[in-house]
Each structure stands twice: as C-alpha cells, then as structure tokens.
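Asker: Got a structure for you, input_24.pdb, holding PDB, C-alpha atoms.
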```
ATOM      1  CA  MET L  11     -47.726   5.763 107.810
ATOM      2  CA  LYS L  12     -47.211   2.138 108.820
ATOM      3  CA  SER L  13     -50.775   1.872 110.089
ATOM      4  CA  VAL L  14     -52.186   3.251 106.809
ATOM      5  CA  LEU L  15     -50.127   0.747 104.825
ATOM      6  CA  LEU L  16     -51.291  -2.041 107.129
ATOM      7  CA  ILE L  17     -54.946  -1.037 106.696
ATOM      8  CA  ILE L  18     -54.602  -0.899 102.897
ATOM      9  CA  THR L  19     -52.884  -4.294 102.842
ATOM     10  CA  PHE L  20     -55.583  -5.810 105.039
ATOM     11  CA  THR L  21     -58.368  -4.325 102.891
ATOM     12  CA  VAL L  22     -56.885  -5.584  99.625
ATOM     13  CA  THR L  23     -56.317  -9.040 101.116
ATOM     14  CA  ALA L  24     -59.906  -9.169 102.356
ATOM     15  CA  MET L  25     -61.202  -8.143  98.933
ATOM     16  CA  PHE L  26     -59.260 -10.914  97.204
ATOM     17  CA  ALA L  27     -60.343 -13.478  99.780
ATOM     18  CA  THR L  28     -64.026 -12.659  99.425
ATOM     19  CA  ALA L  29     -63.769 -12.569  95.624
ATOM     20  CA  GLN L  30     -62.341 -16.084  95.595
ATOM     21  CA  THR L  31     -65.050 -17.473  97.880
ATOM     22  CA  SER L  32     -67.818 -15.919  95.798
ATOM     23  CA  ILE L  33     -66.412 -17.523  92.636
ATOM     24  CA  LYS L  34     -66.281 -20.948  94.270
ATOM     25  CA  ASN L  35     -69.877 -20.666  95.467
ATOM     26  CA  SER L  36     -71.204 -19.453  92.119
ATOM     27  CA  ASN L  37     -70.593 -22.866  90.470
ATOM     28  CA  LYS L  38     -73.266 -24.618  92.513
ATOM     29  CA  GLY L  39     -75.887 -24.040  89.817
ATOM     30  CA  TYR L  40     -73.704 -25.445  87.039
ATOM     31  CA  ASP L  41     -76.030 -27.174  84.593
ATOM     32  CA  ALA L  42     -73.868 -27.857  81.522
ATOM     33  CA  ALA L  43     -74.315 -31.603  82.028
ATOM     34  CA  SER L  44     -77.985 -31.250  81.127
ATOM     35  CA  TRP L  45     -77.409 -29.296  77.884
ATOM     36  CA  ALA L  46     -78.761 -30.905  74.737
ATOM     37  CA  THR L  47     -76.261 -31.997  72.134
ATOM     38  CA  TYR L  48     -76.872 -31.498  68.441
ATOM     39  CA  PHE L  49     -74.707 -34.176  66.817
ATOM     40  CA  LEU L  50     -74.796 -36.943  69.393
ATOM     41  CA  ASP L  51     -77.958 -38.745  70.420
ATOM     42  CA  ASN L  52     -76.397 -40.804  73.185
ATOM     43  CA  ALA L  53     -72.984 -40.362  74.795
ATOM     44  CA  ASN L  54     -72.783 -44.126  75.270
ATOM     45  CA  ASP L  55     -72.529 -44.496  71.476
ATOM     46  CA  ILE L  56     -68.913 -43.341  71.672
ATOM     47  CA  THR L  57     -66.589 -46.259  72.220
ATOM     48  CA  ILE L  58     -62.903 -45.910  72.881
ATOM     49  CA  ALA L  59     -60.573 -48.776  72.112
ATOM     50  CA  PRO L  60     -58.392 -49.971  74.974
ATOM     51  CA  PRO L  61     -54.700 -49.117  74.818
ATOM     52  CA  PRO L  62     -52.510 -51.584  72.948
ATOM     53  CA  GLY L  63     -50.933 -54.421  74.849
ATOM     54  CA  LYS L  64     -47.227 -54.966  75.440
ATOM     55  CA  VAL L  65     -46.837 -57.405  72.560
ATOM     56  CA  SER L  66     -48.399 -55.131  69.938
ATOM     57  CA  SER L  67     -46.445 -52.134  71.280
ATOM     58  CA  LYS L  68     -43.169 -54.040  71.033
ATOM     59  CA  THR L  69     -44.036 -55.166  67.496
ATOM     60  CA  GLU L  70     -44.845 -51.605  66.459
ATOM     61  CA  LEU L  71     -41.614 -50.270  67.974
ATOM     62  CA  LYS L  72     -39.657 -52.980  66.168
ATOM     63  CA  ASN L  73     -41.267 -51.981  62.852
ATOM     64  CA  ILE L  74     -40.468 -48.315  63.478
ATOM     65  CA  LYS L  75     -36.844 -49.100  64.278
ATOM     66  CA  GLN L  76     -36.565 -51.143  61.080
ATOM     67  CA  ALA L  77     -38.032 -48.277  59.030
ATOM     68  CA  VAL L  78     -35.602 -45.810  60.617
ATOM     69  CA  ALA L  79     -32.683 -48.126  59.860
ATOM     70  CA  LYS L  80     -33.685 -48.146  56.167
ATOM     71  CA  THR L  81     -33.564 -44.330  55.947
ATOM     72  CA  ASP L  82     -31.073 -43.269  53.267
ATOM     73  CA  GLU L  83     -29.407 -39.899  52.676
ATOM     74  CA  SER L  84     -32.183 -38.653  50.371
ATOM     75  CA  LYS L  85     -34.881 -39.327  52.957
ATOM     76  CA  SER L  86     -32.719 -37.763  55.686
ATOM     77  CA  LYS L  87     -32.413 -34.551  53.649
ATOM     78  CA  LYS L  88     -36.188 -34.420  53.198
ATOM     79  CA  ILE L  89     -36.742 -35.010  56.911
ATOM     80  CA  LYS L  90     -34.292 -32.246  57.840
ATOM     81  CA  TYR L  91     -35.941 -29.888  55.350
ATOM     82  CA  TRP L  92     -39.455 -30.399  56.697
ATOM     83  CA  ASP L  93     -38.270 -30.558  60.314
ATOM     84  CA  ALA L  94     -36.973 -26.958  60.273
ATOM     85  CA  GLY L  95     -38.782 -24.508  62.527
ATOM     86  CA  ALA L  96     -42.385 -24.621  63.657
ATOM     87  CA  PRO L  97     -44.784 -27.079  61.967
ATOM     88  CA  ALA L  98     -46.145 -24.464  59.560
ATOM     89  CA  TYR L  99     -42.738 -22.919  58.773
ATOM     90  CA  ARG L 100     -42.211 -24.574  55.384
ATOM     91  CA  TRP L 101     -45.875 -24.347  54.424
ATOM     92  CA  ASN L 102     -45.910 -20.593  54.962
ATOM     93  CA  GLN L 103     -42.854 -19.934  52.785
TER      94      GLN L 103
END
```
Could I get this file's structure written as structure tokens?
Answerer:
Amino acid sequence: MKSVLLIITFTVTAMFATAQTSIKNSNKGYDAASWATYFLDNANDITIAPPPGKVSSKTELKNIKQAVAKTDESKSKKIKYWDAGAPAYRWNQ
C-alpha cells in the first residue's frame, strides 16, 4: 500500500513539474511587443510628469490640513454620510 501511494505521489509530482516547465518554455515566441496599436502612433508621444518635489508636496499637505481644519459640523455630516460602506453604496440606494 505504501509503495502504491509513493508511486502515485511521484507521478503527480512529475506531472506538475513537467507542466510548469512547458509553460515557461512556451513564452519564448511572445510577440505582443510588435502588435500594432490603433490609437497611438508612437509610444514616445506619451510623456509622464516627474513626481512633485518636497517643497510642493509640503505646500499641498499644508493646504489640505488647512481645509480639514475649516471643516464644520455640516460638512462632517455629509462626509460621514457619503463615507458609509463601499464606494457605490449610497449611489445604489
């Protein structure tokens, strides 16, 4: 009984091992990088702005803290109302 269980375990392990190696080797012909795009002529046309510097980040945080400090009871009630549940919770009611 132990030998049968050992043989089955070895066979299943070998099957999983060969399945994983065949998946890894099947990606060699991956050609998605050469696919034509429909809405973009040149990928270099996309420019991404650099992240903000320390000074602008500190200024923005200061402005946010000032806005939070000005929050009155009416605004707090509205925030608590819309903050309940998942994002679409109030919209779906």
Asker: Please measure the separation of atom CA of L:Tyr99 and atom CA of L:Lys87, giving the value in Å to one decimal.
Answerer: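 Answer for the atom CA of L:Tyr99 to atom CA of L:Lys87 separation: 16.4 Å.
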Asker: Quick check, in Å to one decimal: how far apart do atom CA of L:Pro60 and atom CA of L:Ala79 lie?
Answerer: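 Between atom CA of L:Pro60 and atom CA of L:Ala79 the gap works out to 29.9 Å.
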Asker: May I ask for the distance between atom CA of L:Trp92 and atom CA of L:Lys68, given in Å to one decimal place?
Answerer: 27.9 Å
Asker: My structure is short of atoms at stretch 41-70 of chain L; please model N, CA and C atoms there, returning them as a compact mmCIF listing (two decimals), in the coordinates of the input.
Answerer:
```
# COMPACT_ATOMS: atom_id res chain seq x y z
N ASP L 41 -75.10 -26.24 85.21
CA ASP L 41 -76.03 -27.17 84.59
C ASP L 41 -75.61 -27.60 83.20
N ALA L 42 -74.32 -27.50 82.87
CA ALA L 42 -73.87 -27.86 81.52
C ALA L 42 -74.08 -29.34 81.23
N ALA L 43 -74.12 -30.16 82.24
CA ALA L 43 -74.32 -31.60 82.03
C ALA L 43 -75.70 -31.90 81.46
N SER L 44 -76.63 -31.01 81.63
CA SER L 44 -77.98 -31.25 81.13
C SER L 44 -78.24 -30.59 79.77
N TRP L 45 -77.24 -29.95 79.18
CA TRP L 45 -77.41 -29.30 77.88
C TRP L 45 -77.64 -30.33 76.79
N ALA L 46 -78.48 -30.01 75.85
CA ALA L 46 -78.76 -30.90 74.74
C ALA L 46 -77.62 -30.84 73.73
N THR L 47 -77.29 -31.96 73.17
CA THR L 47 -76.26 -32.00 72.13
C THR L 47 -76.94 -32.07 70.77
N TYR L 48 -76.28 -31.56 69.77
CA TYR L 48 -76.87 -31.50 68.44
C TYR L 48 -76.44 -32.66 67.54
N PHE L 49 -75.25 -33.17 67.72
CA PHE L 49 -74.71 -34.18 66.82
C PHE L 49 -74.58 -35.55 67.45
N LEU L 50 -74.96 -35.69 68.68
CA LEU L 50 -74.80 -36.94 69.39
C LEU L 50 -76.09 -37.26 70.13
N ASP L 51 -76.71 -38.37 69.77
CA ASP L 51 -77.96 -38.74 70.42
C ASP L 51 -77.72 -39.33 71.81
N ASN L 52 -76.67 -40.12 71.92
CA ASN L 52 -76.40 -40.80 73.18
C ASN L 52 -74.89 -40.85 73.39
N ALA L 53 -74.42 -40.37 74.52
CA ALA L 53 -72.98 -40.36 74.80
C ALA L 53 -72.42 -41.77 74.90
N ASN L 54 -73.26 -42.74 75.18
CA ASN L 54 -72.78 -44.13 75.27
C ASN L 54 -72.47 -44.72 73.90
N ASP L 55 -72.86 -44.03 72.82
CA ASP L 55 -72.53 -44.50 71.48
C ASP L 55 -71.05 -44.37 71.16
N ILE L 56 -70.34 -43.53 71.89
CA ILE L 56 -68.91 -43.34 71.67
C ILE L 56 -68.16 -44.45 72.39
N THR L 57 -67.40 -45.21 71.62
CA THR L 57 -66.59 -46.26 72.22
C THR L 57 -65.13 -45.94 71.98
N ILE L 58 -64.33 -46.16 72.96
CA ILE L 58 -62.90 -45.91 72.88
C ILE L 58 -62.19 -47.24 73.03
N ALA L 59 -61.31 -47.52 72.08
CA ALA L 59 -60.57 -48.78 72.11
C ALA L 59 -59.59 -48.77 73.29
N PRO L 60 -59.36 -49.91 73.88
CA PRO L 60 -58.39 -49.97 74.97
C PRO L 60 -56.98 -49.74 74.43
N PRO L 61 -56.07 -49.33 75.29
CA PRO L 61 -54.70 -49.12 74.82
C PRO L 61 -54.08 -50.44 74.35
N PRO L 62 -53.11 -50.35 73.44
CA PRO L 62 -52.51 -51.58 72.95
C PRO L 62 -51.75 -52.31 74.05
N GLY L 63 -51.65 -53.60 73.88
CA GLY L 63 -50.93 -54.42 74.85
C GLY L 63 -49.43 -54.34 74.64
N LYS L 64 -48.69 -55.00 75.51
CA LYS L 64 -47.23 -54.97 75.44
C LYS L 64 -46.71 -55.61 74.16
N VAL L 65 -47.32 -56.69 73.74
CA VAL L 65 -46.84 -57.40 72.56
C VAL L 65 -47.00 -56.55 71.31
N SER L 66 -48.18 -55.95 71.13
CA SER L 66 -48.40 -55.13 69.94
C SER L 66 -47.55 -53.86 69.97
N SER L 67 -47.30 -53.31 71.17
CA SER L 67 -46.44 -52.13 71.28
C SER L 67 -45.01 -52.46 70.90
N LYS L 68 -44.53 -53.63 71.37
CA LYS L 68 -43.17 -54.04 71.03
C LYS L 68 -43.03 -54.30 69.54
N THR L 69 -44.06 -54.90 68.94
CA THR L 69 -44.04 -55.17 67.50
C THR L 69 -44.01 -53.85 66.72
N GLU L 70 -44.81 -52.90 67.14
CA GLU L 70 -44.84 -51.60 66.46
C GLU L 70 -43.51 -50.87 66.59
```
